[in-house]
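Asker: What follows is the file query_7.cif, containing mmCIF, C-alpha atoms and all ligand atoms:
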data_start
#
loop_
_atom_site.label_atom_id
_atom_site.label_comp_id
_atom_site.auth_asym_id
_atom_site.auth_seq_id
_atom_site.Cartn_x
_atom_site.Cartn_y
_atom_site.Cartn_z
CA MET A 63 21.37 5.26 11.02
CA ASN A 64 22.38 1.96 9.49
CA TYR A 65 20.24 -0.12 7.13
CA THR A 66 19.98 -2.11 3.91
CA TYR A 67 16.89 -1.79 1.75
CA PHE A 68 15.68 -4.12 -1.01
CA SER A 69 12.79 -3.63 -3.42
CA PRO A 70 11.66 -4.67 -6.92
CA ARG A 71 13.68 -2.97 -9.63
CA GLN A 72 10.61 -1.60 -11.43
CA ILE A 73 7.06 -0.98 -10.22
CA VAL A 74 4.27 -0.11 -12.66
CA PHE A 75 1.09 0.90 -10.84
CA GLY A 76 -2.22 2.00 -12.31
CA TRP A 77 -5.75 1.13 -13.35
CA GLY A 78 -5.64 -0.85 -16.62
CA ARG A 79 -1.84 -0.85 -16.87
CA ARG A 80 -1.71 -4.64 -17.30
CA SER A 81 -2.05 -3.79 -21.01
CA GLU A 82 1.65 -2.79 -20.92
CA LEU A 83 2.80 -6.32 -19.98
CA GLY A 84 4.02 -7.30 -23.47
CA THR A 85 6.13 -4.18 -24.00
CA LEU A 86 7.61 -4.39 -20.51
CA ALA A 87 8.32 -8.14 -20.67
CA ALA A 88 9.97 -7.79 -24.09
CA ASN A 89 12.72 -5.81 -22.34
CA LEU A 90 13.43 -8.82 -20.13
CA GLY A 91 13.30 -11.87 -22.38
CA ARG A 92 12.17 -13.72 -25.48
CA ARG A 93 10.20 -16.60 -23.94
CA ALA A 94 7.54 -16.19 -21.26
CA PHE A 95 6.43 -18.86 -18.79
CA VAL A 96 3.00 -17.64 -17.70
CA ILE A 97 1.96 -19.03 -14.31
CA SER A 98 -1.68 -18.20 -13.65
CA GLY A 99 -3.63 -19.14 -10.55
CA SER A 100 -6.91 -17.29 -10.99
CA ARG A 101 -9.83 -19.14 -12.59
CA THR A 102 -11.83 -15.90 -12.40
CA LEU A 103 -9.29 -14.05 -14.54
CA GLU A 104 -9.29 -16.99 -16.95
CA ARG A 105 -13.09 -16.94 -17.22
CA ASN A 106 -13.36 -13.21 -17.73
CA GLY A 107 -10.71 -13.22 -20.47
CA VAL A 108 -7.96 -11.33 -18.64
CA ILE A 109 -5.41 -14.13 -18.97
CA ASP A 110 -6.06 -14.31 -22.74
CA GLN A 111 -5.59 -10.52 -22.97
CA LEU A 112 -2.27 -10.76 -21.17
CA VAL A 113 -1.07 -13.66 -23.34
CA LYS A 114 -2.05 -11.69 -26.44
CA SER A 115 -0.09 -8.71 -25.20
CA LEU A 116 2.98 -10.97 -24.86
CA ASP A 117 2.38 -12.51 -28.30
CA ASP A 118 2.03 -9.09 -29.90
CA ALA A 119 5.35 -8.06 -28.36
CA GLY A 120 7.02 -11.06 -30.03
CA LEU A 121 7.49 -13.34 -27.02
CA ASP A 122 6.97 -17.12 -27.19
CA VAL A 123 4.39 -17.89 -24.52
CA LEU A 124 4.11 -21.13 -22.54
CA GLY A 125 1.17 -21.34 -20.13
CA PHE A 126 1.21 -23.08 -16.75
CA PRO A 127 -2.21 -22.88 -15.07
CA VAL A 128 -1.79 -23.78 -11.37
CA ASP A 129 -4.06 -24.36 -8.38
CA SER A 130 -4.76 -21.21 -6.40
CA ARG A 131 -4.21 -22.96 -3.04
CA GLU A 132 -1.23 -22.07 -0.85
CA PRO A 133 1.65 -23.95 -2.53
CA GLU A 134 2.85 -27.30 -1.24
CA VAL A 135 6.24 -28.91 -1.84
CA ARG A 136 4.82 -31.14 -4.60
CA ASP A 137 3.26 -28.15 -6.42
CA VAL A 138 6.62 -26.41 -6.55
CA ASN A 139 8.51 -29.54 -7.60
CA GLN A 140 6.03 -30.32 -10.36
CA LEU A 141 6.26 -26.80 -11.79
CA VAL A 142 10.06 -26.70 -11.46
CA ASN A 143 10.39 -30.04 -13.28
CA ALA A 144 8.15 -28.78 -16.09
CA ILE A 145 10.28 -25.63 -16.46
CA ARG A 146 13.64 -27.42 -16.14
CA THR A 147 12.77 -29.76 -19.03
CA LEU A 148 12.45 -26.65 -21.22
CA ASP A 149 16.16 -25.83 -20.61
CA PRO A 150 15.58 -22.33 -19.26
CA THR A 151 18.12 -19.61 -20.02
CA THR A 152 18.55 -15.97 -19.06
CA SER A 153 16.36 -14.98 -22.01
CA ASP A 154 13.35 -16.57 -20.28
CA VAL A 155 11.00 -14.61 -18.08
CA VAL A 156 8.48 -15.98 -15.58
CA ILE A 157 5.17 -14.13 -15.34
CA ALA A 158 3.03 -14.74 -12.25
CA ILE A 159 -0.63 -13.72 -12.33
CA GLY A 160 -2.73 -14.43 -9.25
CA GLY A 161 -2.85 -14.03 -5.49
CA GLY A 162 0.04 -14.37 -3.07
CA SER A 163 -0.01 -18.16 -3.34
CA THR A 164 0.51 -18.08 -7.11
CA ILE A 165 3.21 -15.42 -6.88
CA ASP A 166 5.03 -17.42 -4.20
CA LEU A 167 4.80 -20.57 -6.31
CA ALA A 168 6.22 -18.69 -9.30
CA LYS A 169 9.00 -17.17 -7.19
CA ALA A 170 10.05 -20.60 -6.01
CA ALA A 171 9.90 -22.00 -9.55
CA ALA A 172 11.93 -19.09 -11.00
CA ALA A 173 14.58 -19.63 -8.31
CA LEU A 174 14.83 -23.40 -8.62
CA ALA A 175 14.84 -23.28 -12.43
CA THR A 176 18.38 -21.94 -12.19
CA ASN A 177 19.47 -23.45 -8.85
CA ARG A 178 19.76 -27.11 -9.71
CA GLN A 179 21.84 -28.17 -6.73
CA GLY A 180 18.73 -29.79 -5.17
CA GLU A 181 16.01 -32.12 -6.41
CA SER A 182 13.21 -30.84 -4.18
CA VAL A 183 12.35 -27.37 -2.90
CA GLU A 184 12.22 -28.96 0.54
CA GLU A 185 16.03 -29.13 0.59
CA PHE A 186 16.14 -25.30 0.43
CA LEU A 187 13.45 -24.47 3.01
CA GLU A 188 14.37 -22.67 6.23
CA GLY A 189 14.39 -24.97 9.20
CA VAL A 190 13.42 -28.19 7.41
CA GLY A 191 15.80 -28.75 4.50
CA ARG A 192 19.51 -29.46 4.36
CA GLY A 193 20.29 -25.75 4.16
CA LEU A 194 20.76 -25.42 0.40
CA GLN A 195 20.91 -21.75 -0.65
CA ILE A 196 19.75 -19.86 -3.73
CA THR A 197 23.12 -18.76 -5.14
CA VAL A 198 22.40 -18.38 -8.87
CA PRO A 199 20.15 -15.46 -9.91
CA PRO A 200 16.63 -16.78 -10.59
CA LEU A 201 14.87 -16.30 -13.92
CA ASP A 202 13.51 -12.75 -14.15
CA LEU A 203 10.08 -12.65 -12.54
CA VAL A 204 7.19 -10.35 -13.39
CA ALA A 205 4.54 -10.35 -10.65
CA ILE A 206 0.97 -9.25 -11.38
CA PRO A 207 -1.12 -9.55 -8.20
CA SER A 208 -4.84 -10.25 -8.55
CA THR A 209 -5.58 -9.61 -4.85
CA ALA A 210 -4.66 -6.68 -2.62
CA GLY A 211 -3.13 -8.17 0.50
CA THR A 212 -0.09 -10.38 0.73
CA GLY A 213 2.38 -8.01 -0.89
CA ALA A 214 4.10 -11.14 -2.25
CA GLU A 215 4.89 -9.12 -5.38
CA ALA A 216 7.54 -7.21 -3.40
CA THR A 217 8.97 -9.81 -1.02
CA LYS A 218 12.04 -12.03 -1.16
CA ASN A 219 10.50 -15.22 0.20
CA ALA A 220 8.00 -17.84 -0.93
CA VAL A 221 5.92 -19.56 1.74
CA ILE A 222 5.71 -23.29 1.02
CA SER A 223 3.73 -25.90 2.98
CA SER A 224 4.47 -29.56 3.47
CA ASN A 225 2.43 -31.92 1.31
CA ASN A 226 -0.95 -32.19 2.95
CA ASP A 227 -1.94 -35.85 3.06
CA PRO A 228 -3.88 -36.81 6.20
CA ALA A 229 -3.44 -40.50 5.28
CA ASP A 230 0.36 -40.28 5.46
CA ALA A 231 1.48 -40.35 9.09
CA ASN A 232 5.11 -39.77 8.07
CA ILE A 233 4.43 -36.19 6.99
CA ARG A 234 5.49 -33.62 9.56
CA PRO A 235 3.28 -30.66 8.65
CA TYR A 236 4.97 -27.27 8.30
CA LYS A 237 4.78 -23.94 6.51
CA LYS A 238 8.24 -22.53 5.83
CA SER A 239 9.99 -20.04 3.59
CA LEU A 240 12.28 -20.34 0.66
CA ARG A 241 14.17 -17.08 1.05
CA SER A 242 16.84 -15.15 -0.81
CA ASP A 243 17.51 -11.50 -1.57
CA LEU A 244 17.79 -12.66 -5.19
CA MET A 245 14.11 -13.70 -5.22
CA ILE A 246 12.51 -10.24 -5.17
CA PRO A 247 10.51 -9.88 -8.41
CA ARG A 248 12.28 -7.86 -11.08
CA LEU A 249 9.14 -6.13 -12.31
CA VAL A 250 5.80 -5.63 -10.56
CA ILE A 251 2.66 -4.60 -12.39
CA VAL A 252 -0.07 -3.61 -9.94
CA ASP A 253 -3.35 -3.06 -11.77
CA PRO A 254 -6.05 -2.44 -9.15
CA GLU A 255 -8.75 -3.14 -11.75
CA LEU A 256 -7.85 -6.84 -11.44
CA THR A 257 -9.19 -6.82 -7.88
CA VAL A 258 -12.74 -5.66 -8.68
CA SER A 259 -13.92 -9.26 -9.13
CA LEU A 260 -12.83 -10.32 -5.61
CA PRO A 261 -15.74 -11.28 -3.35
CA PRO A 262 -16.28 -9.22 -0.15
CA SER A 263 -14.83 -11.84 2.23
CA THR A 264 -11.61 -12.23 0.21
CA THR A 265 -11.35 -8.44 -0.01
CA ALA A 266 -11.70 -8.21 3.78
CA TYR A 267 -9.23 -10.98 4.63
CA THR A 268 -6.54 -9.98 2.14
CA GLY A 269 -6.98 -6.31 3.07
CA MET A 270 -6.57 -7.11 6.76
CA ASP A 271 -3.45 -9.11 5.87
CA ALA A 272 -1.94 -5.97 4.30
CA ILE A 273 -2.92 -3.88 7.33
CA THR A 274 -1.43 -6.48 9.69
CA GLN A 275 1.79 -6.49 7.68
CA LEU A 276 2.02 -2.71 7.74
CA ILE A 277 1.53 -2.57 11.51
CA GLU A 278 3.79 -5.52 12.33
CA SER A 279 6.59 -4.15 10.13
CA TYR A 280 6.20 -0.76 11.79
CA ILE A 281 6.63 -2.07 15.33
CA SER A 282 9.04 -4.92 14.43
CA ARG A 283 12.38 -5.39 16.19
CA LYS A 284 13.93 -4.87 12.75
CA ALA A 285 11.85 -1.79 11.82
CA ALA A 286 13.90 0.48 9.56
CA PRO A 287 13.45 4.04 8.28
CA ILE A 288 12.31 3.51 4.67
CA PRO A 289 9.82 0.75 5.52
CA LYS A 290 8.42 2.85 8.38
CA ALA A 291 7.65 5.68 5.97
CA LEU A 292 5.96 3.18 3.64
CA CYS A 293 3.93 1.74 6.53
CA ARG A 294 2.59 5.14 7.53
CA GLN A 295 1.48 5.87 3.98
CA GLY A 296 -0.01 2.40 3.53
CA LEU A 297 -2.03 2.55 6.74
CA GLN A 298 -3.29 6.05 6.00
CA LEU A 299 -4.68 4.68 2.74
CA ALA A 300 -5.87 1.24 3.80
CA ILE A 301 -7.60 1.79 7.12
CA PRO A 302 -10.15 4.29 5.74
CA ALA A 303 -10.58 2.40 2.43
CA LEU A 304 -11.05 -1.22 3.45
CA ALA A 305 -14.70 -1.11 4.51
CA ALA A 306 -15.62 0.71 1.29
CA ALA A 307 -13.76 -1.85 -0.83
CA VAL A 308 -15.61 -4.66 0.98
CA ALA A 309 -19.02 -2.98 0.71
CA ASN A 310 -18.75 -2.04 -2.97
CA GLY A 311 -15.99 -3.87 -4.81
CA SER A 312 -16.35 -1.95 -8.04
CA LEU A 313 -15.43 1.45 -6.59
CA ARG A 314 -12.13 2.53 -8.09
CA GLU A 315 -10.65 4.67 -5.31
CA PRO A 316 -10.83 2.12 -2.46
CA ARG A 317 -9.49 -0.60 -4.77
CA GLU A 318 -6.54 1.64 -5.72
CA ALA A 319 -5.88 2.48 -2.09
CA MET A 320 -5.88 -1.19 -1.05
CA ALA A 321 -3.69 -2.32 -3.97
CA HIS A 322 -1.13 0.39 -3.23
CA ALA A 323 -1.19 -0.34 0.51
CA ALA A 324 -0.68 -4.07 -0.15
CA LEU A 325 2.34 -3.34 -2.35
CA LEU A 326 3.82 -1.08 0.34
CA SER A 327 3.18 -3.77 2.97
CA GLY A 328 5.26 -6.22 0.93
CA MET A 329 8.10 -3.71 0.53
CA ALA A 330 7.99 -3.08 4.29
CA LEU A 331 7.88 -6.68 5.47
CA ALA A 332 10.63 -7.78 3.07
CA ASN A 333 12.96 -5.41 4.92
CA SER A 334 11.57 -5.16 8.46
CA GLY A 335 10.01 -8.55 9.14
CA LEU A 336 6.70 -9.20 10.90
CA GLY A 337 5.62 -10.35 14.37
CA PHE A 338 3.19 -12.17 16.63
CA ALA A 339 0.15 -12.26 14.32
CA HIS A 340 2.11 -13.72 11.42
CA GLY A 341 3.93 -16.14 13.69
CA VAL A 342 0.68 -17.64 14.95
CA ALA A 343 -1.04 -17.32 11.53
CA ALA A 344 1.50 -19.74 10.04
CA ALA A 345 0.58 -22.30 12.71
CA LEU A 346 -3.14 -21.73 12.15
CA GLY A 347 -2.62 -22.41 8.46
CA VAL A 348 -0.65 -25.60 9.04
CA THR A 349 -2.72 -27.08 11.86
CA CYS A 350 -6.22 -25.82 11.15
CA GLN A 351 -6.07 -24.84 7.42
CA VAL A 352 -7.19 -21.28 8.21
CA PRO A 353 -6.48 -19.06 5.16
CA HIS A 354 -3.56 -16.69 5.76
CA GLY A 355 -5.43 -13.37 5.57
CA LEU A 356 -8.26 -14.53 7.83
CA ALA A 357 -5.75 -15.85 10.37
CA CYS A 358 -3.84 -12.55 10.42
CA ALA A 359 -7.04 -10.53 10.72
CA LEU A 360 -8.27 -12.58 13.66
CA LEU A 361 -4.89 -12.34 15.42
CA LEU A 362 -4.13 -8.66 14.83
CA PRO A 363 -6.08 -7.28 17.83
CA VAL A 364 -4.43 -9.72 20.24
CA ALA A 365 -1.00 -9.05 18.68
CA LEU A 366 -1.49 -5.35 19.41
CA ARG A 367 -2.45 -6.06 23.02
CA VAL A 368 0.57 -8.37 23.45
CA ASN A 369 2.83 -5.53 22.33
CA ARG A 370 0.90 -2.59 23.78
CA GLU A 371 3.42 -1.69 26.50
CA VAL A 372 6.66 -2.08 24.52
CA SER A 373 5.20 -0.46 21.40
CA ARG A 374 3.35 2.49 22.94
CA THR A 375 5.39 5.05 21.00
CA PRO A 376 5.04 3.59 17.48
CA LEU A 377 1.35 2.74 18.04
CA ALA A 378 0.72 6.32 19.21
CA GLU A 379 2.50 7.55 16.07
CA LEU A 380 0.09 5.49 13.97
CA GLU A 381 -2.93 6.87 15.84
CA SER A 382 -1.71 10.42 15.16
CA LEU A 383 -2.04 9.78 11.40
CA PHE A 384 -5.80 9.57 11.84
CA ASN A 385 -6.31 11.74 14.90
CA PRO A 386 -3.79 14.59 15.24
CA ALA A 387 -5.47 15.59 18.53
CA SER A 388 -4.10 12.36 20.06
CA ILE A 389 -0.50 13.64 19.94
CA GLY A 390 0.79 13.69 23.51
CA ASP A 391 -2.19 11.73 24.84
CA PRO A 392 -0.91 8.83 26.98
CA LEU A 393 -3.82 6.74 25.71
CA ALA A 394 -3.06 7.26 21.99
CA ALA A 395 -1.74 3.70 21.55
CA ASP A 396 -4.94 2.33 23.13
CA GLN A 397 -6.99 4.48 20.78
CA PHE A 398 -5.17 2.94 17.82
CA ILE A 399 -5.93 -0.56 19.11
CA ASP A 400 -9.62 0.43 19.47
CA ARG A 401 -9.52 1.69 15.89
CA ILE A 402 -8.33 -1.71 14.68
CA ASP A 403 -10.99 -3.49 16.78
CA ARG A 404 -13.70 -1.37 15.15
CA LEU A 405 -12.33 -2.05 11.67
CA CYS A 406 -12.29 -5.81 12.30
CA ARG A 407 -15.94 -5.69 13.38
CA GLU A 408 -16.90 -3.50 10.45
CA VAL A 409 -15.50 -5.95 7.89
CA GLN A 410 -16.85 -8.93 9.85
CA ILE A 411 -13.67 -10.65 10.95
CA PRO A 412 -14.51 -13.56 13.29
CA ALA A 413 -13.51 -12.75 16.86
CA ARG A 414 -12.65 -16.22 18.21
CA LEU A 415 -10.44 -19.11 17.20
CA ARG A 416 -13.39 -21.52 17.56
CA ASP A 417 -15.23 -19.46 14.90
CA VAL A 418 -12.66 -20.55 12.31
CA GLY A 419 -12.75 -24.23 13.25
CA VAL A 420 -9.94 -24.41 15.82
CA ARG A 421 -10.42 -27.10 18.51
CA GLN A 422 -9.31 -26.35 22.05
CA ASP A 423 -7.01 -29.38 22.12
CA GLN A 424 -5.10 -27.90 19.14
CA LEU A 425 -3.89 -24.85 21.09
CA PRO A 426 -0.63 -26.46 22.35
CA ILE A 427 0.19 -27.48 18.76
CA LEU A 428 -0.39 -23.88 17.69
CA VAL A 429 2.02 -22.66 20.35
CA GLN A 430 4.75 -24.99 19.08
CA GLY A 431 4.07 -24.07 15.45
CA SER A 432 4.31 -20.31 16.01
CA ARG A 433 8.08 -20.09 16.45
CA GLY A 434 9.17 -19.13 12.95
CA ASN A 435 10.95 -16.20 11.40
CA SER A 436 7.98 -13.85 11.92
CA MET A 437 7.76 -14.38 15.68
CA SER A 438 11.48 -13.67 16.03
CA CYS A 439 10.81 -10.09 14.83
CA ASN A 440 8.04 -9.44 17.37
CA PRO A 441 9.03 -6.44 19.51
CA ARG A 442 9.12 -8.55 22.66
CA ASP A 443 9.60 -12.21 23.54
CA VAL A 444 6.42 -14.15 24.29
CA SER A 445 6.87 -17.30 26.36
CA ASP A 446 5.09 -20.56 25.53
CA GLU A 447 3.03 -20.17 28.71
CA GLU A 448 1.91 -16.67 27.82
CA LEU A 449 1.17 -17.64 24.22
CA GLN A 450 -0.91 -20.61 25.41
CA GLU A 451 -2.85 -18.33 27.77
CA ARG A 452 -3.45 -15.70 25.06
CA LEU A 453 -4.74 -18.37 22.69
CA GLU A 454 -6.97 -19.85 25.40
CA ARG A 455 -8.54 -16.43 25.91
CA LEU A 456 -8.95 -15.98 22.15
CA TRP A 457 -10.51 -19.42 21.74
ZN ZN B 501 0.60 -11.77 5.66
#
Represent the structure contained in this file as structure tokens.
Answerer:
Amino acid sequence: MNYTYFSPRQIVFGWGRRSELGTLAANLGRRAFVISGSRTLERNGVIDQLVKSLDDAGLDVLGFPVDSREPEVRDVNQLVNAIRTLDPTTSDVVIAIGGGSTIDLAKAAAALATNRQGESVEEFLEGVGRGLQITVPPLDLVAIPSTAGTGAEATKNAVISSNNDPADANIRPYKKSLRSDLMIPRLVIVDPELTVSLPPSTTAYTGMDAITQLIESYISRKAAPIPKALCRQGLQLAIPALAAAVANGSLREPREAMAHAALLSGMALANSGLGFAHGVAAALGVTCQVPHGLACALLLPVALRVNREVSRTPLAELESLFNPASIGDPLAADQFIDRIDRLCREVQIPARLRDVGVRQDQLPILVQGSRGNSMSCNPRDVSDEELQERLERLW
């Protein structure tokens, strides 16, 4: 066995435990930059509660409300410039409260606050920039997810899109990562109570994102022992809980199960990578503006069929978690794929690309846009011709 494993230094998980933010953050710094992306949590007073907790613990608080959309280059640069003018030091701590987009934006800002060798985040992005690296430790980051899905609270990358301006023909659209082992949040506070206000569709899409991440990490080319154990536990919790969380968002147990599974999915993907569904989901986001979780959910069944033959053993292992009688059954992997199909129908995931606004003439662009870091971890190579054909059938 031979592996390296990264994870957040401290994880605090539990219903209502956001109340401990001030005490925990006081161990990390004296000044808090609070980056919040949830208007719902602002309206229902949660952000004020969290700021008060920081105040009470003696921290100076500076608020940065941000858009909840998936972050673009200009969003990162604007936030970084605002933080750099405050002369950040190691006694500052960045606190991110929101979904994966907000946490990614905060991760990028915390990293670029201390890495001043570039003017724009674009210069650091994989595959598009001039290869600048994060070499100085970022400001300490506390991540408090308000959704249960992306696992961004436990990952070492931030997904950043090109500026989206249809009027500017010079923009080459992309969605790429700013990535460094140094970017994993220092402290994660997962309070599942924050997710009770999510509407059913967001619960379904983000939950399917977590499930996709757990499965793709499990069958990835880079799958490793610790993440595999986390994936098994995450799937055992999430697959039975998702429909209940969608149907009745205020139930505590399904919300806890989904929040924990999402955290585990982030810890898994940060170490094992992803695959086909995430590769194509990035292209769907860039070309057709399909939200990340919805894109992953729609692509998961086809991703499983693409990998069915090479991943029979791990997929059968996953089926055995739910159906011990399947052990030794040559069709166990197929039964797992059927299980995922049923779950997608139950939580009303659209079945076709056209259902989410994709035009048939966009399929070749999707093929070209799918070749990122995620696709390189898929358990087998998928040619452009095969990918085109799979997308045609899914359209
Ligand atoms: Zn994802």
Asker: To one decimal place in Å, what is the distance between CA of Val108 (chain A) and CA of Arg80 (chain A)?
Answerer: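 Interatomic distance here is 9.3 Å.
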Asker: Take the point (2.1, -17.3, -6.0) as written in the file and pick out every residue within 10 Å of it, counting all atoms listed in the file; give the list as a ChimeraX atom specification.
Answerer: /A:97-99,128-133,158-171,205-207,212,214-215,220-222
Asker: Please provide as an mmCIF file with C-alpha atoms, keeping the file's coordinate frame all residues within 9 Å of Glu255 (chain A), with the sequence filter that same-chain residues fewer than 2 positions apart are discarded (counting only C-alpha atoms).
Answerer:
data_model
loop_
_atom_site.group_PDB
_atom_site.id
_atom_site.type_symbol
_atom_site.label_atom_id
_atom_site.label_comp_id
_atom_site.auth_asym_id
_atom_site.auth_seq_id
_atom_site.Cartn_x
_atom_site.Cartn_y
_atom_site.Cartn_z
ATOM 1 C CA GLY A 76 -2.220 2.000 -12.310
ATOM 2 C CA TRP A 77 -5.750 1.130 -13.350
ATOM 3 C CA GLY A 78 -5.640 -0.850 -16.620
ATOM 4 C CA ARG A 79 -1.840 -0.850 -16.870
ATOM 5 C CA SER A 208 -4.840 -10.250 -8.550
ATOM 6 C CA VAL A 252 -0.070 -3.610 -9.940
ATOM 7 C CA ASP A 253 -3.350 -3.060 -11.770
ATOM 8 C CA THR A 257 -9.190 -6.820 -7.880
ATOM 9 C CA VAL A 258 -12.740 -5.660 -8.680
ATOM 10 C CA SER A 259 -13.920 -9.260 -9.130
ATOM 11 C CA SER A 312 -16.350 -1.950 -8.040
ATOM 12 C CA ARG A 314 -12.130 2.530 -8.090
ATOM 13 C CA ARG A 317 -9.490 -0.600 -4.770
ATOM 14 C CA GLU A 318 -6.540 1.640 -5.720
#
Asker: Excluding Arg455 (chain A) and any residue of its chain fewer than 2 positions from it, enumerate the residues within 10 Å of it, using only C-alpha atoms, and give them as a list in words.
Answerer: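 With the cut-off at 10 Å, the set is Val364, Arg414, Leu415, Leu449, Gln450, Glu451, Arg452, Leu453 and Trp457 of chain A.
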Asker: Quick one: write out the picked residues with C-alpha atoms as a CSV table (one decimal), in the coordinates of the input?
Answerer:
chain,number,residue,atom,x,y,z
A,364,VAL,CA,-4.4,-9.7,20.2
A,414,ARG,CA,-12.6,-16.2,18.2
A,415,LEU,CA,-10.4,-19.1,17.2
A,449,LEU,CA,1.2,-17.6,24.2
A,450,GLN,CA,-0.9,-20.6,25.4
A,451,GLU,CA,-2.8,-18.3,27.8
A,452,ARG,CA,-3.4,-15.7,25.1
A,453,LEU,CA,-4.7,-18.4,22.7
A,457,TRP,CA,-10.5,-19.4,21.7
Asker: Residues within 10 Å of Asp118 (chain A), please, as a list in words. Count only C-alpha atoms; anything in the same chain fewer than 6 positions from it doesn't count.
Answerer: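 My list of contacting residues is Gly84, Thr85, Ala88 and Leu112 of chain A.
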Asker: Smallest atom-to-atom distance to Ser223 (chain A): which of A:Ala345, A:Leu336, A:Val308, A:Val444, using only C-alpha atoms?
Answerer: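 Ranked by minimum distance to Ser223 (chain A), first place goes to A:Ala345.
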Asker: To one decimal place, how far is CA of Gln179 (chain A) from CA of Thr152 (chain A) in Å?
Answerer: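 One can read the CA of Gln179 (chain A) to CA of Thr152 (chain A) distance as 17.7 Å.
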Asker: Give me, as a PyMOL selection string, the set of residues whose atoms come within 12 Å of any atom of ligand ZN 501 (chain B), counting only C-alpha atoms and all ligand atoms.
Answerer: chain A and resi 161-163+210-214+217+219-221+267-279+324-325+327-328+330-332+335-344+347+353-362+436
Asker: For region 353-393 of chain A of the structure just presented, write C-alpha atoms to a file, as a PDB file, in the first residue's frame.
Answerer:
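So the final result, stored in part31.pdb, reads:
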ATOM      1  CA  PRO A 353     -25.974  24.029 -12.207  1.00  0.00           C
ATOM      2  CA  HIS A 354     -23.245  21.659 -11.032  1.00  0.00           C
ATOM      3  CA  GLY A 355     -25.356  19.313  -8.893  1.00  0.00           C
ATOM      4  CA  LEU A 356     -28.074  18.938 -11.523  1.00  0.00           C
ATOM      5  CA  ALA A 357     -25.459  18.215 -14.195  1.00  0.00           C
ATOM      6  CA  CYS A 358     -23.801  15.531 -12.052  1.00  0.00           C
ATOM      7  CA  ALA A 359     -27.144  13.948 -11.188  1.00  0.00           C
ATOM      8  CA  LEU A 360     -28.193  13.747 -14.819  1.00  0.00           C
ATOM      9  CA  LEU A 361     -24.837  12.271 -15.856  1.00  0.00           C
ATOM     10  CA  LEU A 362     -24.351   9.750 -13.048  1.00  0.00           C
ATOM     11  CA  PRO A 363     -26.385   6.895 -14.603  1.00  0.00           C
ATOM     12  CA  VAL A 364     -24.541   7.174 -17.924  1.00  0.00           C
ATOM     13  CA  ALA A 365     -21.186   7.454 -16.107  1.00  0.00           C
ATOM     14  CA  LEU A 366     -21.944   4.158 -14.375  1.00  0.00           C
ATOM     15  CA  ARG A 367     -22.821   2.475 -17.674  1.00  0.00           C
ATOM     16  CA  VAL A 368     -19.642   3.826 -19.297  1.00  0.00           C
ATOM     17  CA  ASN A 369     -17.599   2.219 -16.524  1.00  0.00           C
ATOM     18  CA  ARG A 370     -19.741  -0.872 -15.903  1.00  0.00           C
ATOM     19  CA  GLU A 371     -17.275  -3.419 -17.317  1.00  0.00           C
ATOM     20  CA  VAL A 372     -14.032  -2.039 -15.852  1.00  0.00           C
ATOM     21  CA  SER A 373     -15.629  -1.246 -12.490  1.00  0.00           C
ATOM     22  CA  ARG A 374     -17.679  -4.407 -11.925  1.00  0.00           C
ATOM     23  CA  THR A 375     -15.850  -5.271  -8.710  1.00  0.00           C
ATOM     24  CA  PRO A 376     -16.119  -1.895  -6.912  1.00  0.00           C
ATOM     25  CA  LEU A 377     -19.723  -1.393  -8.078  1.00  0.00           C
ATOM     26  CA  ALA A 378     -20.620  -4.863  -6.762  1.00  0.00           C
ATOM     27  CA  GLU A 379     -18.954  -3.933  -3.457  1.00  0.00           C
ATOM     28  CA  LEU A 380     -21.213  -0.888  -3.252  1.00  0.00           C
ATOM     29  CA  GLU A 381     -24.322  -2.969  -3.991  1.00  0.00           C
ATOM     30  CA  SER A 382     -23.374  -5.352  -1.165  1.00  0.00           C
ATOM     31  CA  LEU A 383     -23.674  -2.461   1.325  1.00  0.00           C
ATOM     32  CA  PHE A 384     -27.409  -2.378   0.655  1.00  0.00           C
ATOM     33  CA  ASN A 385     -28.063  -5.954  -0.378  1.00  0.00           C
ATOM     34  CA  PRO A 386     -25.764  -8.516   1.280  1.00  0.00           C
ATOM     35  CA  ALA A 387     -27.490 -11.275  -0.726  1.00  0.00           C
ATOM     36  CA  SER A 388     -25.874  -9.814  -3.868  1.00  0.00           C
ATOM     37  CA  ILE A 389     -22.382 -10.925  -2.781  1.00  0.00           C
ATOM     38  CA  GLY A 390     -21.072 -13.288  -5.454  1.00  0.00           C
ATOM     39  CA  ASP A 391     -23.889 -12.452  -7.872  1.00  0.00           C
ATOM     40  CA  PRO A 392     -22.378 -11.627 -11.288  1.00  0.00           C
ATOM     41  CA  LEU A 393     -25.131  -9.044 -11.777  1.00  0.00           C
TER      42      LEU A 393
END
